[in-house]
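Asker: Let me begin by handing over the structure; questions about it come next.
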Amino acid sequence: MTNKIDRTGLRSEFWRTVPLTEMNSKEWEALCDGCGKCCLNKLEDEDSGEVLFTRVACRLLDDQSCQCAQYDIRREFVPECVVLKPSTIKDVAYWLPMTCAYRLLHEGKPLCDWHPLISGDPETVHTSGTSVRGWTVPEYELDVEDWENYIIEDLS
């Protein structure tokens with residue numbers, strides 16, 4: 001049974017019933033909770049492959065809204081920015097935060113209670129303390145060699 005698409009372009013509770021690869025573009029974008037964690041610079045341990053998040057934010061991240069300041073044209077400014085797509089999620093899920101909806105659904109897990117699709121409120125990602133609002137350091141203020149001083153031990 002296919003859920004009807006409403007005027008927003010979203011099917012009712014699509015995240016529970018529609019596989020990532022079958023979501024339309026509006027549904028795919030709606031999965032983003034707006035936490036900003038994917039815009040944190042990461043360090044990857046060459047030996048173990050472990051991904052370490054830092055408080056160092058991409059130069060395009062707005063620290064208050066937790067949104068990309070140039071989302072539609074971000075690759076013009078940050079060519080290495082990874083664009084999440086249904087076809088690439090399997091290759092990049094390992095570096096997404098554990099609370100990320102894309103990662104959770106890829107792993108067959110439910111969305112968190114604070115996710116805006118569950119709560120109905122885009123602010124719950126911030127009020128729950130899940131977002132990066134107010135605690136990042138812009139990458140242009142630091143040398144890359146200093147990023148290891150900003151590793152986050154617990155990013156839950």
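In the structure tokens, each chain is lettered A, B, ... as it comes, each chain's residues begin at 1, and ligands are numbered from 1 in order of appearance.
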Excluding same-chain residues fewer than 3 positions from segment 88-103 of chain A, what lies within 7 Å of it counting only C-alpha atoms, as a list in words?

Answerer: Leu31, Cys32, Lys37, Cys38, Val51, Leu84, Lys85, His106, Glu107, Leu111 and Ser156 of chain A

Asker: Keeping only C-alpha atoms, write the selected residues as a CSV table (one decimal), in the first residue's frame.

Answerer:
```
chain,number,residue,atom,x,y,z
A,31,LEU,CA,15.1,13.5,7.2
A,32,CYS,CA,17.7,16.1,8.2
A,37,LYS,CA,26.8,17.6,13.4
A,38,CYS,CA,27.6,16.4,9.8
A,51,VAL,CA,36.1,8.7,12.9
A,84,LEU,CA,24.2,12.6,1.0
A,85,LYS,CA,22.1,10.7,-1.5
A,106,HIS,CA,20.2,3.0,7.0
A,107,GLU,CA,20.9,0.8,10.0
A,111,LEU,CA,14.3,8.1,14.7
A,156,SER,CA,25.6,11.6,21.6
```

Asker: Between A:Glu139, A:Glu50, A:Glu22, A:Asp33, single out the one closest to Pro116 of chain A, counting only C-alpha atoms.

Answerer: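 Checking each candidate against Pro116 of chain A, we get A:Asp33 as the closest.
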
Asker: May I have all residues of segment 6-109 of chain A that DSSP, computed from the backbone, assigns to helix (DSSP H, G or I), given as a PyMOL selection string?

Answerer: chain A and resi 14-17+20-22+25-30+37-39+71-77+89-95+101-106

Asker: Using only N, CA and C atoms, please write the residues we just selected to a file, as a compact mmCIF listing (two decimals), in the first residue's frame.

Answerer:
```
# COMPACT_ATOMS: atom_id res chain seq x y z
N PHE A 14 6.48 8.64 6.31
CA PHE A 14 7.29 8.01 5.26
C PHE A 14 8.56 7.35 5.80
N TRP A 15 9.16 7.91 6.82
CA TRP A 15 10.40 7.38 7.37
C TRP A 15 10.22 5.99 7.97
N ARG A 16 8.98 5.61 8.29
CA ARG A 16 8.70 4.29 8.83
C ARG A 16 8.39 3.26 7.75
N THR A 17 7.95 3.74 6.59
CA THR A 17 7.43 2.81 5.58
C THR A 17 8.15 2.83 4.24
N LEU A 20 14.91 4.17 2.10
CA LEU A 20 15.69 5.36 1.75
C LEU A 20 15.81 5.53 0.24
N THR A 21 16.01 4.43 -0.46
CA THR A 21 16.22 4.50 -1.92
C THR A 21 14.95 4.85 -2.69
N GLU A 22 13.79 4.82 -2.02
CA GLU A 22 12.53 5.11 -2.69
C GLU A 22 11.90 6.43 -2.24
N SER A 25 12.66 13.53 -3.21
CA SER A 25 13.66 14.49 -2.75
C SER A 25 13.19 15.27 -1.52
N LYS A 26 11.92 15.59 -1.43
CA LYS A 26 11.41 16.32 -0.25
C LYS A 26 11.48 15.45 0.99
N GLU A 27 11.15 14.18 0.84
CA GLU A 27 11.24 13.26 1.98
C GLU A 27 12.69 13.10 2.42
N TRP A 28 13.57 12.94 1.46
CA TRP A 28 15.00 12.79 1.77
C TRP A 28 15.51 14.00 2.56
N GLU A 29 15.19 15.18 2.09
CA GLU A 29 15.64 16.41 2.77
C GLU A 29 14.99 16.54 4.14
N ALA A 30 13.74 16.10 4.28
CA ALA A 30 13.04 16.22 5.56
C ALA A 30 13.65 15.33 6.64
N LYS A 37 25.69 18.43 13.06
CA LYS A 37 26.84 17.57 13.37
C LYS A 37 27.59 17.10 12.14
N CYS A 38 26.88 16.91 11.03
CA CYS A 38 27.57 16.45 9.82
C CYS A 38 28.50 17.53 9.28
N CYS A 39 28.31 18.77 9.71
CA CYS A 39 29.15 19.88 9.26
C CYS A 39 30.36 20.10 10.17
N TYR A 71 23.71 26.31 1.37
CA TYR A 71 23.39 24.91 1.13
C TYR A 71 23.29 24.53 -0.35
N ASP A 72 22.54 25.30 -1.12
CA ASP A 72 22.33 24.93 -2.53
C ASP A 72 23.59 24.99 -3.38
N ILE A 73 24.55 25.83 -2.99
CA ILE A 73 25.78 25.98 -3.78
C ILE A 73 27.02 25.68 -2.94
N ARG A 74 26.86 24.89 -1.89
CA ARG A 74 27.96 24.64 -0.95
C ARG A 74 29.20 24.03 -1.58
N ARG A 75 29.02 23.22 -2.60
CA ARG A 75 30.19 22.57 -3.22
C ARG A 75 31.04 23.56 -4.01
N GLU A 76 30.48 24.71 -4.34
CA GLU A 76 31.28 25.75 -4.99
C GLU A 76 32.30 26.32 -4.01
N PHE A 77 31.94 26.34 -2.72
CA PHE A 77 32.81 26.87 -1.68
C PHE A 77 33.61 25.78 -0.99
N ILE A 89 24.58 6.59 0.62
CA ILE A 89 24.48 6.49 2.08
C ILE A 89 25.26 5.29 2.63
N LYS A 90 25.27 4.19 1.91
CA LYS A 90 25.97 3.01 2.42
C LYS A 90 27.48 3.24 2.53
N ASP A 91 28.01 4.14 1.71
CA ASP A 91 29.44 4.41 1.72
C ASP A 91 29.86 5.47 2.73
N VAL A 92 28.93 6.30 3.16
CA VAL A 92 29.30 7.40 4.06
C VAL A 92 28.64 7.34 5.42
N ALA A 93 27.75 6.40 5.65
CA ALA A 93 27.02 6.33 6.92
C ALA A 93 27.96 6.24 8.11
N TYR A 94 29.12 5.61 7.96
CA TYR A 94 30.03 5.41 9.08
C TYR A 94 30.56 6.73 9.66
N TRP A 95 30.58 7.80 8.90
CA TRP A 95 31.09 9.06 9.44
C TRP A 95 29.98 10.02 9.86
N ALA A 101 19.45 10.82 11.32
CA ALA A 101 18.33 10.06 10.78
C ALA A 101 18.74 9.20 9.59
N TYR A 102 19.60 9.74 8.74
CA TYR A 102 20.05 8.96 7.58
C TYR A 102 20.77 7.69 8.04
N ARG A 103 21.64 7.84 9.01
CA ARG A 103 22.37 6.68 9.53
C ARG A 103 21.42 5.72 10.24
N LEU A 104 20.57 6.26 11.10
CA LEU A 104 19.64 5.41 11.85
C LEU A 104 18.77 4.58 10.91
N LEU A 105 18.17 5.22 9.92
CA LEU A 105 17.30 4.48 9.00
C LEU A 105 18.09 3.50 8.14
N HIS A 106 19.30 3.89 7.74
CA HIS A 106 20.17 2.98 6.99
C HIS A 106 20.45 1.71 7.81
```

Asker: Find the distance between atom CA of Ala69 of chain A and atom CA of Cys35 of chain A and write it in Å to one decimal.

Answerer: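 Taking atom CA of Ala69 of chain A and atom CA of Cys35 of chain A, their separation equals 14.0 Å.
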
Asker: Determine, counting only C-alpha atoms, which protein, DNA and RNA residues have an atom within 10 Å of an atom of Gln64 of chain A; residues of the same chain fewer than 4 positions away are not included. Present the result as a ChimeraX atom specification.

Answerer: /A:36,126,131-136

Asker: The selected residues should be written to file as a short mmCIF file (atom, residue, chain, number, x, y, z; two decimals), in the first residue's frame (atoms: C-alpha atoms).

Answerer:
```
data_model
loop_
_atom_site.label_atom_id
_atom_site.label_comp_id
_atom_site.auth_asym_id
_atom_site.auth_seq_id
_atom_site.Cartn_x
_atom_site.Cartn_y
_atom_site.Cartn_z
CA GLY A 36 24.65 20.48 12.25
CA HIS A 126 18.21 22.15 19.92
CA SER A 131 22.54 20.11 18.01
CA VAL A 132 25.83 21.98 17.76
CA ARG A 133 24.15 25.31 18.47
CA GLY A 134 26.53 27.68 20.17
CA TRP A 135 29.56 25.44 20.78
CA THR A 136 31.50 25.14 17.56
#
```

Asker: Give me, please, the distance in Å between atom CA of Val82 of chain A and atom CA of Thr124 of chain A, quoted to one decimal.

Answerer: 25.4 Å

Asker: Which of these residues is nearest to Glu153 of chain A, using only C-alpha atoms: A:Ser128, A:Gln70, A:Thr54, A:Ser119?

Answerer: A:Thr54

Asker: Extract, using only C-alpha atoms, all DNA, RNA and protein residues at most 10 Å from Asn149 of chain A, discarding same-chain residues fewer than 4 positions from it, and format them as a list in words.

Answerer: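 With the cut-off at 10 Å, the set is Thr54, Arg55, Val56 and Glu145 of chain A.
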
Asker: What's the separation between atom CA of Cys112 of chain A and atom CA of Val125 of chain A, in Å to one decimal place?

Answerer: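 Between atom CA of Cys112 of chain A and atom CA of Val125 of chain A the gap works out to 9.5 Å.
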
Asker: At a cut-off of 9 Å, using only C-alpha atoms, what residues contact Tyr140 of chain A? Leave out same-chain residues fewer than 5 positions from it and give the result as a PyMOL selection string.

Answerer: chain A and resi 57-59

Asker: Can you spit out the residues from that selection as a short mmCIF file (atom, residue, chain, number, x, y, z; two decimals), in the first residue's frame, using N, CA and C atoms?

Answerer:
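See part.cif below for the written result:
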```cif
data_model
loop_
_atom_site.label_atom_id
_atom_site.label_comp_id
_atom_site.auth_asym_id
_atom_site.auth_seq_id
_atom_site.Cartn_x
_atom_site.Cartn_y
_atom_site.Cartn_z
N ALA A 57 33.89 23.56 13.03
CA ALA A 57 32.79 23.54 12.07
C ALA A 57 33.25 24.00 10.70
N CYS A 58 32.61 23.46 9.69
CA CYS A 58 32.80 23.92 8.32
C CYS A 58 32.58 25.42 8.26
N ARG A 59 33.31 26.07 7.41
CA ARG A 59 33.22 27.54 7.29
C ARG A 59 31.83 28.02 6.90
#
```

Asker: Can you check which residues of chain A DSSP gives as strand (DSSP E or B) on the backbone and send them as a list in words?

Answerer: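 Those in chain A that DSSP calls strand (DSSP E or B) are Ile5, Arg11, Leu40, Asn41, Lys42, Leu43, Glu44, Val51, Leu52, Phe53, Thr54, Arg55, Val56, Ala57, Leu61, Asp62, Gln67, Cys68, Val137, Pro138 and Ile151 of chain A.
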
Asker: Any chance you could export the current selection's C-alpha atoms as a PDB file, in the first residue's frame?

Answerer:
```
ATOM      1  CA  ILE A   5       1.708  12.344  -0.923  1.00  0.00           C
ATOM      2  CA  ARG A  11       3.907  10.834   2.591  1.00  0.00           C
ATOM      3  CA  LEU A  40      31.734  19.286  11.973  1.00  0.00           C
ATOM      4  CA  ASN A  41      35.190  18.497  10.692  1.00  0.00           C
ATOM      5  CA  LYS A  42      36.266  14.971  11.444  1.00  0.00           C
ATOM      6  CA  LEU A  43      39.580  13.226  11.844  1.00  0.00           C
ATOM      7  CA  GLU A  44      39.929   9.612  10.795  1.00  0.00           C
ATOM      8  CA  VAL A  51      36.096   8.673  12.904  1.00  0.00           C
ATOM      9  CA  LEU A  52      36.638  11.359  15.511  1.00  0.00           C
ATOM     10  CA  PHE A  53      34.374  14.392  15.516  1.00  0.00           C
ATOM     11  CA  THR A  54      35.769  17.794  16.410  1.00  0.00           C
ATOM     12  CA  ARG A  55      34.154  21.060  17.542  1.00  0.00           C
ATOM     13  CA  VAL A  56      35.645  22.596  14.396  1.00  0.00           C
ATOM     14  CA  ALA A  57      32.793  23.543  12.070  1.00  0.00           C
ATOM     15  CA  LEU A  61      27.899  26.368   9.096  1.00  0.00           C
ATOM     16  CA  ASP A  62      25.787  28.983  10.861  1.00  0.00           C
ATOM     17  CA  GLN A  67      22.228  25.213   8.862  1.00  0.00           C
ATOM     18  CA  CYS A  68      24.584  25.620   5.943  1.00  0.00           C
ATOM     19  CA  VAL A 137      34.715  26.815  16.472  1.00  0.00           C
ATOM     20  CA  PRO A 138      34.905  28.025  12.850  1.00  0.00           C
ATOM     21  CA  ILE A 151      38.105  16.272  19.461  1.00  0.00           C
TER      22      ILE A 151
END
```
